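Some notes on the structure that comes next.
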Amino acid sequence: MKVILITGATSGVGFETAKLFSNEKDTKVISLSVDLNKINLAKKELPGVEFLQCDVSDYSALLKIAELIDKKYGKIDILVNNAGTIIPGNIETLAVEDWDKVIKNNFSSYYYVSKAFLPLLKKGENANIVNISSISATAGGSSIAYSCAKAGVNMISQSLAKDLAKYKIRVNTISPGIFNSGFQIHNNMMNEEQYNEMLKKQSSNYPFGIGTSLDIANAILFISSEKAKWITGANLLVDGGNIVNK
């Protein structure tokens, strides 16, 4: 049985990725999420997914979850680091405590999760890590902290790919462009009307249109599969042609 661990699978990319994996035979999908209300809602739509409540920025809590998974399944084959948050602001407007929160949830947590579950990945088959970054890592965005965190994620992936190659554990990055996931709504940056207006304005920058969470999930499914077994250290840009429209 293949065991997949996804952080933040209660909505957006994480949800769609969990849904895709759970449709595969002989596969167990586990999600780590912190919001109990969101967990209960997601459980109704994805009854086959095992949702565990955990703050991915709490390393000691992650170690306890790793012990639980080890006893129950004995390994992890695929780890998808996806959970995160965003708080808008630049150097003048973003509070230091908000900087710390975004960096811890979007950058440090990727290190914590990867470190906590590495012993289980070493026992996996075609074991690999997929880290979710963003085009904001190189182009900047509405949050200096989020952009810097995602730039850090790119380097974590490169470093881990080098460090873990001796164990035949692959590590790759997915860097999405702007896609319709409701991310800014979920993080109280915009209301629905503002969000839809933003997507409308951005659409001219995307030759293939604004993407969906499923578009990103399909890329994750590929890069983590046996079909990509010769790919590690890569950063796969999934942006609907935004890069060629500069």
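Following the order of the structure tokens, chains are lettered A, B, ..., residues in each are numbered from 1, and ligands are numbered from 1.
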Which residues, written as a PyMOL selection string, have at least one atom at most 7 Å from stretch 8-22 of chain A, with only C-alpha atoms counted and residues fewer than 2 positions away on the same chain left out?
-> chain A and resi 6+24+27-29+31-33+38-39+42+46+48-49+82-83+181+213-214+216-217
Those residues with N, CA and C atoms, as a tab-separated table (two decimals), in the first residue's frame please?
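Output saved as out_7.tsv:
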```tsv
chain	number	residue	atom	x	y	z
A	6	ILE	N	-0.06	14.63	3.24
A	6	ILE	CA	-0.23	15.97	2.66
A	6	ILE	C	-0.53	16.94	3.78
A	24	GLU	N	-6.82	6.56	-6.23
A	24	GLU	CA	-5.93	5.51	-6.70
A	24	GLU	C	-6.08	4.27	-5.80
A	27	THR	N	-4.04	2.80	-1.88
A	27	THR	CA	-3.39	4.04	-1.45
A	27	THR	C	-4.06	4.58	-0.19
A	28	LYS	N	-3.25	5.01	0.74
A	28	LYS	CA	-3.75	5.65	1.95
A	28	LYS	C	-3.26	7.09	1.99
A	29	VAL	N	-4.21	8.02	2.12
A	29	VAL	CA	-3.88	9.44	2.17
A	29	VAL	C	-4.11	9.96	3.58
A	31	SER	N	-3.81	13.53	5.99
A	31	SER	CA	-3.69	14.98	5.95
A	31	SER	C	-3.39	15.53	7.34
A	32	LEU	N	-2.49	16.50	7.40
A	32	LEU	CA	-2.24	17.24	8.63
A	32	LEU	C	-2.78	18.65	8.46
A	33	SER	N	-3.72	19.03	9.30
A	33	SER	CA	-4.31	20.37	9.26
A	33	SER	C	-4.57	20.82	10.69
A	38	LYS	N	-12.46	23.03	9.66
A	38	LYS	CA	-12.17	22.70	8.26
A	38	LYS	C	-11.96	21.20	8.10
A	39	ILE	N	-11.34	20.58	9.09
A	39	ILE	CA	-11.13	19.13	9.06
A	39	ILE	C	-12.47	18.40	9.00
A	42	ALA	N	-14.03	18.78	5.56
A	42	ALA	CA	-13.31	18.01	4.53
A	42	ALA	C	-13.57	16.52	4.68
A	46	LEU	N	-14.26	13.88	1.75
A	46	LEU	CA	-13.19	12.91	1.48
A	46	LEU	C	-13.14	11.88	2.61
A	48	GLY	N	-12.40	8.86	2.70
A	48	GLY	CA	-11.31	7.91	2.66
A	48	GLY	C	-9.98	8.46	3.14
A	49	VAL	N	-9.94	9.78	3.35
A	49	VAL	CA	-8.70	10.43	3.80
A	49	VAL	C	-8.67	10.47	5.32
A	82	ASN	N	2.42	21.47	1.70
A	82	ASN	CA	1.50	22.39	1.03
A	82	ASN	C	0.92	23.45	1.96
A	83	ALA	N	0.76	23.14	3.23
A	83	ALA	CA	0.07	24.06	4.15
A	83	ALA	C	0.79	25.41	4.24
A	181	SER	N	-8.14	29.37	-6.31
A	181	SER	CA	-8.21	28.47	-5.17
A	181	SER	C	-8.92	29.09	-3.98
A	213	SER	N	-7.15	24.71	-8.76
A	213	SER	CA	-6.41	23.85	-7.82
A	213	SER	C	-6.14	22.48	-8.42
A	214	LEU	N	-7.06	22.00	-9.25
A	214	LEU	CA	-6.89	20.69	-9.88
A	214	LEU	C	-5.71	20.68	-10.84
A	216	ILE	N	-2.96	22.26	-10.45
A	216	ILE	CA	-1.76	22.12	-9.63
A	216	ILE	C	-1.67	20.70	-9.07
A	217	ALA	N	-2.81	20.17	-8.65
A	217	ALA	CA	-2.84	18.81	-8.09
A	217	ALA	C	-2.39	17.78	-9.12
```
Could you tell me, as an MDAnalysis selection string, which residues of stretch 6-228 of chain A DSSP assigns to alpha helix (DSSP H) when given the backbone?
-> chainID A and resid 12:22 36:45 59:72 96:103 109:121 136:139 144:164 183:186 192:202 213:223
Using 7 Å as the limit and counting only C-alpha atoms, can you tabulate each residue of stretch 77-119 of chain A that touches stretch 134-152 of chain A, with its shortest atom-to-atom distance in Å and the two atoms involved, as a Markdown table?
```
| residue | atom | partner | partner_atom | distance |
| --- | --- | --- | --- | --- |
| A:Ile86 | CA | A:Tyr146 | CA | 6.0 |
| A:Ile87 | CA | A:Ser143 | CA | 6.2 |
| A:Pro88 | CA | A:Ser143 | CA | 4.2 |
| A:Gly89 | CA | A:Ser143 | CA | 4.9 |
| A:Asn90 | CA | A:Ile144 | CA | 5.3 |
| A:Trp99 | CA | A:Ala145 | CA | 5.5 |
| A:Val102 | CA | A:Ala145 | CA | 6.1 |
| A:Ile103 | CA | A:Ala149 | CA | 5.4 |
| A:Asn106 | CA | A:Ala149 | CA | 5.8 |
| A:Phe107 | CA | A:Ala149 | CA | 5.0 |
```
With only C-alpha atoms as the basis for distance, which of A:Ser60, A:Ala116, A:Ile174, A:Gly209 is at the shortest distance from A:Thr232?
-> A:Ile174
Excluding A:Ile178 and any residue of its chain fewer than 3 positions from it, enumerate the residues within 12 Å of it, using only C-alpha atoms, and give them as an MDAnalysis selection string.
-> chainID A and resid 133:136 141 175 181:184 195:196 198:206 208:213 215:216 237:243
Test item, strand (DSSP E or B) assignment across stretch 151-215 of chain A, answer as a list in words = Arg170, Val171, Asn172, Thr173, Ile174, Ser175, Pro176, Phe179, Asn180, Gly211 and Thr212 of chain A
Write out, as a PDB file, in the first residue's frame, the residues just selected, with N, CA and C atoms.
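So part-v2.pdb came out as:
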```pdb
ATOM      1  N   ARG A 170      13.636  11.434  -3.803  1.00  0.00           N
ATOM      2  CA  ARG A 170      13.565  12.579  -4.704  1.00  0.00           C
ATOM      3  C   ARG A 170      12.903  13.771  -4.003  1.00  0.00           C
ATOM      4  N   VAL A 171      13.306  14.983  -4.385  1.00  0.00           N
ATOM      5  CA  VAL A 171      12.696  16.199  -3.844  1.00  0.00           C
ATOM      6  C   VAL A 171      12.508  17.189  -4.986  1.00  0.00           C
ATOM      7  N   ASN A 172      11.260  17.615  -5.182  1.00  0.00           N
ATOM      8  CA  ASN A 172      10.952  18.552  -6.251  1.00  0.00           C
ATOM      9  C   ASN A 172      10.013  19.659  -5.763  1.00  0.00           C
ATOM     10  N   THR A 173       9.962  20.717  -6.562  1.00  0.00           N
ATOM     11  CA  THR A 173       9.144  21.880  -6.230  1.00  0.00           C
ATOM     12  C   THR A 173       8.102  22.107  -7.315  1.00  0.00           C
ATOM     13  N   ILE A 174       6.918  22.513  -6.902  1.00  0.00           N
ATOM     14  CA  ILE A 174       5.888  22.993  -7.819  1.00  0.00           C
ATOM     15  C   ILE A 174       5.702  24.485  -7.553  1.00  0.00           C
ATOM     16  N   SER A 175       5.820  25.300  -8.598  1.00  0.00           N
ATOM     17  CA  SER A 175       5.640  26.753  -8.449  1.00  0.00           C
ATOM     18  C   SER A 175       4.435  27.208  -9.275  1.00  0.00           C
ATOM     19  N   PRO A 176       3.285  27.333  -8.631  1.00  0.00           N
ATOM     20  CA  PRO A 176       2.091  27.766  -9.351  1.00  0.00           C
ATOM     21  C   PRO A 176       2.083  29.271  -9.605  1.00  0.00           C
ATOM     22  N   PHE A 179      -3.921  31.115  -9.526  1.00  0.00           N
ATOM     23  CA  PHE A 179      -4.976  30.197  -9.928  1.00  0.00           C
ATOM     24  C   PHE A 179      -6.152  30.349  -8.966  1.00  0.00           C
ATOM     25  N   ASN A 180      -7.283  29.862  -9.368  1.00  0.00           N
ATOM     26  CA  ASN A 180      -8.515  30.065  -8.598  1.00  0.00           C
ATOM     27  C   ASN A 180      -8.645  29.015  -7.501  1.00  0.00           C
ATOM     28  N   GLY A 211      -5.763  29.256 -13.869  1.00  0.00           N
ATOM     29  CA  GLY A 211      -5.865  27.840 -13.573  1.00  0.00           C
ATOM     30  C   GLY A 211      -6.740  27.536 -12.371  1.00  0.00           C
ATOM     31  N   THR A 212      -6.763  26.266 -12.009  1.00  0.00           N
ATOM     32  CA  THR A 212      -7.542  25.797 -10.869  1.00  0.00           C
ATOM     33  C   THR A 212      -6.643  24.992  -9.937  1.00  0.00           C
TER      34      THR A 212
END
```
Neighbour list for A:Gly233 as a ChimeraX atom specification, cut-off 10 Å, only C-alpha atoms, skip fewer than 4 positions in-chain = /A:154-162,165,170-173
Separation of atom CA of A:Ser114 from atom CA of A:Leu164 in Å = 10.9 Å
Atom CA of A:Val34 to atom CA of A:Glu50, distance in Å rounded to a single decimal |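 Here the two named atoms are 13.6 Å from each other.
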Interatomic distance, atom CA of A:Leu41 to atom CA of A:Ile4 (Å, one decimal) |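 Between atom CA of A:Leu41 and atom CA of A:Ile4 the gap works out to 20.3 Å.
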Compile the contact shell of A:Tyr59 as a PDB file with C-alpha atoms, in the first residue's frame: residues with an atom at most 10 Å away, counting only C-alpha atoms, same-chain residues fewer than 2 positions apart removed.
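So result-v3.pdb came out as:
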```
ATOM      1  CA  CYS A  54      -1.645  19.127  13.892  1.00  0.00           C
ATOM      2  CA  ASP A  55       0.099  22.495  13.744  1.00  0.00           C
ATOM      3  CA  VAL A  56       2.841  21.939  11.162  1.00  0.00           C
ATOM      4  CA  SER A  57       4.907  24.718  12.728  1.00  0.00           C
ATOM      5  CA  ALA A  61       3.685  17.741  17.639  1.00  0.00           C
ATOM      6  CA  LEU A  62       4.984  16.510  14.280  1.00  0.00           C
ATOM      7  CA  LEU A  63       7.236  13.976  15.983  1.00  0.00           C
ATOM      8  CA  LYS A  64       4.224  12.546  17.820  1.00  0.00           C
ATOM      9  CA  ILE A  65       2.303  12.230  14.540  1.00  0.00           C
ATOM     10  CA  SER A 108      10.184  26.714   8.639  1.00  0.00           C
ATOM     11  CA  SER A 109       7.301  24.230   8.649  1.00  0.00           C
ATOM     12  CA  TYR A 111      11.860  21.936   7.174  1.00  0.00           C
ATOM     13  CA  TYR A 112      10.130  20.696  10.331  1.00  0.00           C
ATOM     14  CA  VAL A 113       7.795  18.359   8.447  1.00  0.00           C
ATOM     15  CA  LYS A 115      12.840  16.367   9.148  1.00  0.00           C
ATOM     16  CA  ALA A 116      10.152  14.778  11.323  1.00  0.00           C
TER      17      ALA A 116
END
```
Pick out the closest residue to A:Ile231 from this set: A:Gln194, A:Asn245, A:Asn126, A:Asn37. Count only C-alpha atoms.
->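 Checking each candidate against A:Ile231, we get A:Asn126 as the closest.
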Pick out the closest residue to A:Ile223 from this set: A:Leu121, A:Val96, A:Ile30, A:Leu79. Count only C-alpha atoms.
-> A:Leu79
